[in-house]
file final.tsv (TSV, C-alpha atoms)
chain	number	residue	atom	x	y	z
A	1	MET	CA	-11.35	-0.96	24.44
A	2	PRO	CA	-7.94	0.55	23.59
A	3	VAL	CA	-6.85	0.22	19.96
A	4	VAL	CA	-3.16	-0.08	19.08
A	5	LEU	CA	-2.05	0.46	15.46
A	6	LEU	CA	1.32	-0.87	14.31
A	7	ASP	CA	2.20	-0.06	10.70
A	8	GLY	CA	5.23	-1.09	8.65
A	9	PHE	CA	5.71	-4.25	10.70
A	10	GLU	CA	8.22	-5.57	8.17
A	11	ASP	CA	10.70	-3.06	9.60
A	12	VAL	CA	10.62	-4.73	13.02
A	13	GLY	CA	13.23	-7.25	11.92
A	14	ASP	CA	13.94	-10.06	9.50
A	15	ARG	CA	13.14	-13.75	9.61
A	16	THR	CA	16.31	-14.60	11.54
A	17	HIS	CA	16.54	-11.71	14.03
A	18	ARG	CA	13.28	-11.56	15.94
A	19	ASP	CA	14.24	-9.87	19.22
A	20	LEU	CA	12.06	-6.79	18.72
A	21	GLU	CA	9.25	-8.88	17.23
A	22	ARG	CA	9.45	-11.13	20.28
A	23	LEU	CA	9.02	-8.13	22.56
A	24	ILE	CA	6.05	-6.82	20.57
A	25	GLN	CA	4.45	-10.25	20.53
A	26	ARG	CA	4.79	-10.47	24.31
A	27	VAL	CA	3.06	-7.08	24.66
A	28	VAL	CA	0.22	-8.26	22.43
A	29	TRP	CA	-0.10	-11.50	24.37
A	30	LEU	CA	-0.16	-9.74	27.75
A	31	MET	CA	-2.80	-7.20	26.68
A	32	PRO	CA	-5.83	-9.33	25.72
A	33	SER	CA	-8.22	-6.44	26.39
A	34	ALA	CA	-6.58	-4.27	23.70
A	35	PHE	CA	-7.34	-4.48	19.98
A	36	PHE	CA	-4.14	-4.61	17.92
A	37	VAL	CA	-4.08	-3.78	14.20
A	38	ILE	CA	-0.76	-4.79	12.65
A	39	THR	CA	-0.02	-4.02	9.02
A	40	GLY	CA	2.98	-4.90	6.89
A	41	ARG	CA	4.19	-6.37	3.65
A	42	SER	CA	4.49	-9.89	5.03
A	43	ARG	CA	2.00	-11.99	6.93
A	44	LEU	CA	2.48	-12.62	10.62
A	45	GLN	CA	3.93	-16.08	11.20
A	46	TRP	CA	3.09	-16.34	14.89
A	47	ALA	CA	0.79	-19.32	14.30
A	48	ASP	CA	3.65	-21.33	12.81
A	49	PRO	CA	4.76	-24.01	15.33
A	50	ALA	CA	8.22	-24.05	13.71
A	51	LEU	CA	8.96	-20.70	15.36
A	52	GLN	CA	8.96	-22.25	18.83
A	53	GLY	CA	12.10	-20.96	20.54
A	54	GLN	CA	12.34	-17.83	18.39
A	55	LEU	CA	9.09	-16.41	19.75
A	56	ASP	CA	7.46	-16.99	23.14
A	57	TYR	CA	3.95	-17.82	21.95
A	58	THR	CA	3.61	-19.81	18.74
A	59	GLY	CA	1.30	-22.25	17.01
A	60	PRO	CA	-2.36	-22.24	15.95
A	61	ALA	CA	-3.54	-22.93	19.49
A	62	ALA	CA	-1.97	-19.66	20.68
A	63	TRP	CA	-2.99	-17.63	17.61
A	64	PRO	CA	-6.06	-19.30	16.03
A	65	GLY	CA	-6.93	-16.16	14.10
A	66	LEU	CA	-3.54	-16.19	12.34
A	67	ALA	CA	-3.46	-19.87	11.41
A	68	PRO	CA	-3.87	-20.74	7.71
A	69	ALA	CA	-7.07	-22.46	6.64
A	70	SER	CA	-5.11	-25.62	5.86
A	71	SER	CA	-4.02	-26.06	9.49
A	72	PRO	CA	-4.96	-29.59	10.56
A	73	LEU	CA	-5.44	-28.36	14.12
A	74	LEU	CA	-8.29	-25.99	13.34
A	75	PRO	CA	-11.66	-26.37	11.61
A	76	THR	CA	-12.33	-24.40	8.45
A	77	ALA	CA	-15.43	-22.49	7.50
A	78	ARG	CA	-17.54	-23.77	4.64
A	79	THR	CA	-19.89	-22.00	2.29
A	80	ALA	CA	-23.47	-23.07	1.73
A	81	ALA	CA	-22.27	-25.07	-1.28
A	82	GLY	CA	-19.82	-26.93	0.91
A	83	SER	CA	-16.61	-25.44	-0.49
A	84	THR	CA	-13.90	-24.61	2.01
A	85	THR	CA	-13.18	-20.91	2.53
A	86	TRP	CA	-10.87	-19.53	5.18
A	87	GLN	CA	-10.69	-20.61	8.76
A	88	ALA	CA	-13.51	-19.53	11.02
A	89	GLY	CA	-12.66	-16.30	12.80
A	90	ALA	CA	-9.59	-15.59	10.65
A	91	ARG	CA	-8.08	-12.25	11.57
A	92	GLN	CA	-5.27	-11.97	9.02
A	93	LEU	CA	-6.31	-10.42	5.73
A	94	LEU	CA	-4.48	-9.81	2.47
A	95	ILE	CA	-5.45	-6.36	1.22
A	96	GLY	CA	-5.42	-6.29	-2.56
A	97	ASN	CA	-5.14	-3.49	-5.11
A	98	PHE	CA	-7.68	-0.76	-5.79
A	99	SER	CA	-10.92	-1.50	-7.60
A	100	PRO	CA	-11.54	0.43	-10.86
A	101	GLU	CA	-13.90	2.72	-8.95
A	102	ASP	CA	-11.26	3.37	-6.30
A	103	CYS	CA	-8.69	4.15	-9.00
A	104	GLU	CA	-11.02	6.69	-10.58
A	105	ASP	CA	-11.81	8.30	-7.24
A	106	TYR	CA	-8.14	8.43	-6.25
A	107	LEU	CA	-7.05	10.03	-9.53
A	108	ALA	CA	-9.93	12.52	-9.43
A	109	HIS	CA	-8.74	13.76	-6.03
A	110	ARG	CA	-4.99	13.22	-6.43
A	111	LEU	CA	-4.46	16.42	-8.43
A	112	THR	CA	-7.08	19.15	-8.29
A	113	THR	CA	-7.49	22.72	-9.47
A	114	ALA	CA	-7.98	25.64	-7.11
A	115	ASP	CA	-11.76	25.16	-7.23
A	116	GLY	CA	-11.49	21.46	-6.41
A	117	GLN	CA	-12.02	20.05	-9.90
A	118	PRO	CA	-9.91	17.10	-11.11
A	119	LEU	CA	-6.79	18.28	-12.90
A	120	ILE	CA	-6.45	15.00	-14.81
A	121	PRO	CA	-9.19	14.75	-17.49
A	122	ALA	CA	-11.64	11.86	-17.37
A	123	ASP	CA	-10.32	10.17	-20.52
A	124	ILE	CA	-6.77	10.14	-19.16
A	125	ARG	CA	-7.99	8.93	-15.76
A	126	ALA	CA	-9.72	6.03	-17.47
A	127	VAL	CA	-6.53	5.00	-19.30
A	128	ILE	CA	-4.42	5.26	-16.16
A	129	ALA	CA	-6.93	3.26	-14.12
A	130	ARG	CA	-7.08	0.52	-16.75
A	131	ARG	CA	-3.31	0.26	-17.15
A	132	SER	CA	-2.65	0.33	-13.39
A	133	HIS	CA	-4.57	-2.89	-12.64
A	134	GLY	CA	-5.30	-1.23	-9.30
A	135	LEU	CA	-1.66	-0.82	-8.25
A	136	PRO	CA	-1.46	2.35	-6.07
A	137	LEU	CA	2.19	3.02	-6.94
A	138	TYR	CA	1.29	3.07	-10.65
A	139	LEU	CA	-1.40	5.67	-9.94
A	140	ASP	CA	1.07	7.88	-8.09
A	141	LEU	CA	3.69	7.61	-10.82
A	142	ALA	CA	1.11	8.36	-13.49
A	143	ALA	CA	0.02	11.49	-11.61
A	144	LEU	CA	3.63	12.65	-11.47
A	145	ARG	CA	4.04	11.86	-15.16
A	146	PHE	CA	0.94	13.94	-15.89
A	147	LEU	CA	2.47	16.94	-14.12
A	148	GLU	CA	5.79	16.55	-15.93
A	149	ILE	CA	4.13	16.42	-19.36
A	150	ARG	CA	1.84	19.34	-18.50
A	151	ARG	CA	4.85	21.61	-17.97
A	152	THR	CA	5.55	21.59	-21.73
A	153	ARG	CA	2.32	20.52	-23.46
A	154	THR	CA	-1.18	19.15	-22.94
A	155	PRO	CA	-1.10	15.49	-21.85
A	156	GLU	CA	-2.90	13.01	-24.08
A	157	PRO	CA	-4.36	9.57	-23.20
A	158	GLU	CA	-1.70	7.95	-25.42
A	159	ASP	CA	0.98	9.27	-23.04
A	160	PHE	CA	-0.23	6.79	-20.44
A	161	GLU	CA	-0.56	3.67	-22.56
A	162	ALA	CA	2.46	2.14	-20.82
A	163	ASP	CA	3.09	-0.80	-18.54
A	164	PHE	CA	4.68	-0.30	-15.14
A	165	PRO	CA	8.40	-0.56	-16.08
A	166	ALA	CA	7.92	1.85	-18.97
A	167	LEU	CA	6.10	4.32	-16.73
A	168	VAL	CA	8.92	4.19	-14.19
A	169	ALA	CA	11.50	4.77	-16.93
A	170	ARG	CA	9.58	7.72	-18.33
A	171	THR	CA	8.95	9.29	-14.93
A	172	GLY	CA	12.35	8.96	-13.26
A	173	THR	CA	15.10	11.47	-13.98
A	174	ASN	CA	18.67	10.53	-13.08
A	175	GLY	CA	17.50	8.32	-10.24
A	176	THR	CA	15.43	11.07	-8.65
A	177	MET	CA	11.81	12.02	-8.53
A	178	SER	CA	10.34	15.41	-7.81
A	179	ARG	CA	7.89	16.58	-5.21
A	180	ALA	CA	5.72	19.48	-6.21
A	181	THR	CA	2.72	21.43	-5.02
A	182	TYR	CA	0.52	22.80	-7.78
A	183	LYS	CA	-2.22	25.37	-7.40
A	184	ASP	CA	-3.69	28.20	-9.46
A	185	ASN	CA	-1.55	27.20	-12.46
A	186	LYS	CA	1.63	27.81	-10.45
A	187	TRP	CA	4.22	25.63	-8.81
A	188	LEU	CA	4.15	26.55	-5.14
A	189	THR	CA	7.12	24.34	-4.34
A	190	TRP	CA	9.45	22.24	-6.42
A	191	GLU	CA	11.98	20.03	-4.74
A	192	THR	CA	14.15	17.36	-6.31
A	193	MET	CA	14.80	14.57	-3.88
A	194	PRO	CA	16.73	11.28	-4.06
A	195	GLY	CA	14.70	8.11	-4.12
A	196	TRP	CA	10.99	7.76	-4.76
A	197	THR	CA	8.76	10.63	-3.75
A	198	PHE	CA	5.62	11.76	-5.47
A	199	ALA	CA	3.80	14.84	-6.58
A	200	VAL	CA	1.38	16.26	-4.04
A	201	THR	CA	-1.05	19.14	-4.28
A	202	GLY	CA	-1.93	21.84	-1.81
call {"tool": "encode", "arguments": {"input": "final.tsv", "output": "structure tokens"}}
result
Amino acid sequence: MPVVLLDGFEDVGDRTHRDLERLIQRVVWLMPSAFFVITGRSRLQWADPALQGQLDYTGPAAWPGLAPASSPLLPTARTAAGSTTWQAGARQLLIGNFSPEDCEDYLAHRLTTADGQPLIPADIRAVIARRSHGLPLYLDLAALRFLEIRRTRTPEPEDFEADFPALVARTGTNGTMSRATYKDNKWLTWETMPGWTFAVTG
């Protein structure tokens, strides 16, 4: 079975201009033997009957896997206790933030020394993971903040006892962020770029 991956689907168009989305939907509809994985910041609305006329194939009958559990046209799954969960066969999933274990693993591998050891100490990783509430962007900004502090002194756990807006304010410099590669106690590259980019290691 061919697998087709479409990422960043929110860039296809907006809620009023759906020409490209209409084309993609037609391709999906006409290729039932392919497995499509579509990711984006917003849920697919193809099962919404109100989109009739904007898209070629709409409604829960056409897209039962995308219909909300509350759709009166489709049965819902029930747990052993009888409580309603999501619709049977649902194929649209909301992916949440990282678990505490995932945060720890990400931070341990985000910045490493030449011999593969975590550059961020365990006590600082624990603070960052707790303050991030699993938000991946927070973890990236905290890693960049760690590198910035480390240029002048040894980072301490108290440096990361900040909520998200405070971390952004402390990390950004004149509306820019920096991308760096760090290895063997040396900066291999250092590039100041407009917008949001993040520290990476070689």
call {"tool": "atom_distance", "arguments": {"input": "final.tsv", "atom1": "atom CA of A:Pro157", "atom2": "atom CA of A:Ile120"}}
result
10.2 Å
call {"tool": "closest_residue", "arguments": {"input": "final.tsv", "among": "A:Gln45, A:Leu144, A:Gln92, A:Thr152", "to": "A:Gly65", "atoms": "all atoms listed in the file"}}
result
A:Gln92
call {"tool": "residues_around", "arguments": {"input": "final.tsv", "residues": "stretch 23-33 of chain A", "least_positions_apart": "2", "cutoff": "12 Å", "atoms": "all atoms listed in the file", "output": "PyMOL selection string"}}
result
chain A and resi 1-6+9+12-13+17-21+35-38+44-47+54-58+62-63
call {"tool": "atom_distance", "arguments": {"input": "final.tsv", "atom1": "atom CA of A:Ala129", "atom2": "atom CA of A:Tyr106"}}
result
9.5 Å
call {"tool": "atom_distance", "arguments": {"input": "final.tsv", "atom1": "atom CA of A:Pro165", "atom2": "atom CA of A:Ser132"}}
result
11.4 Å
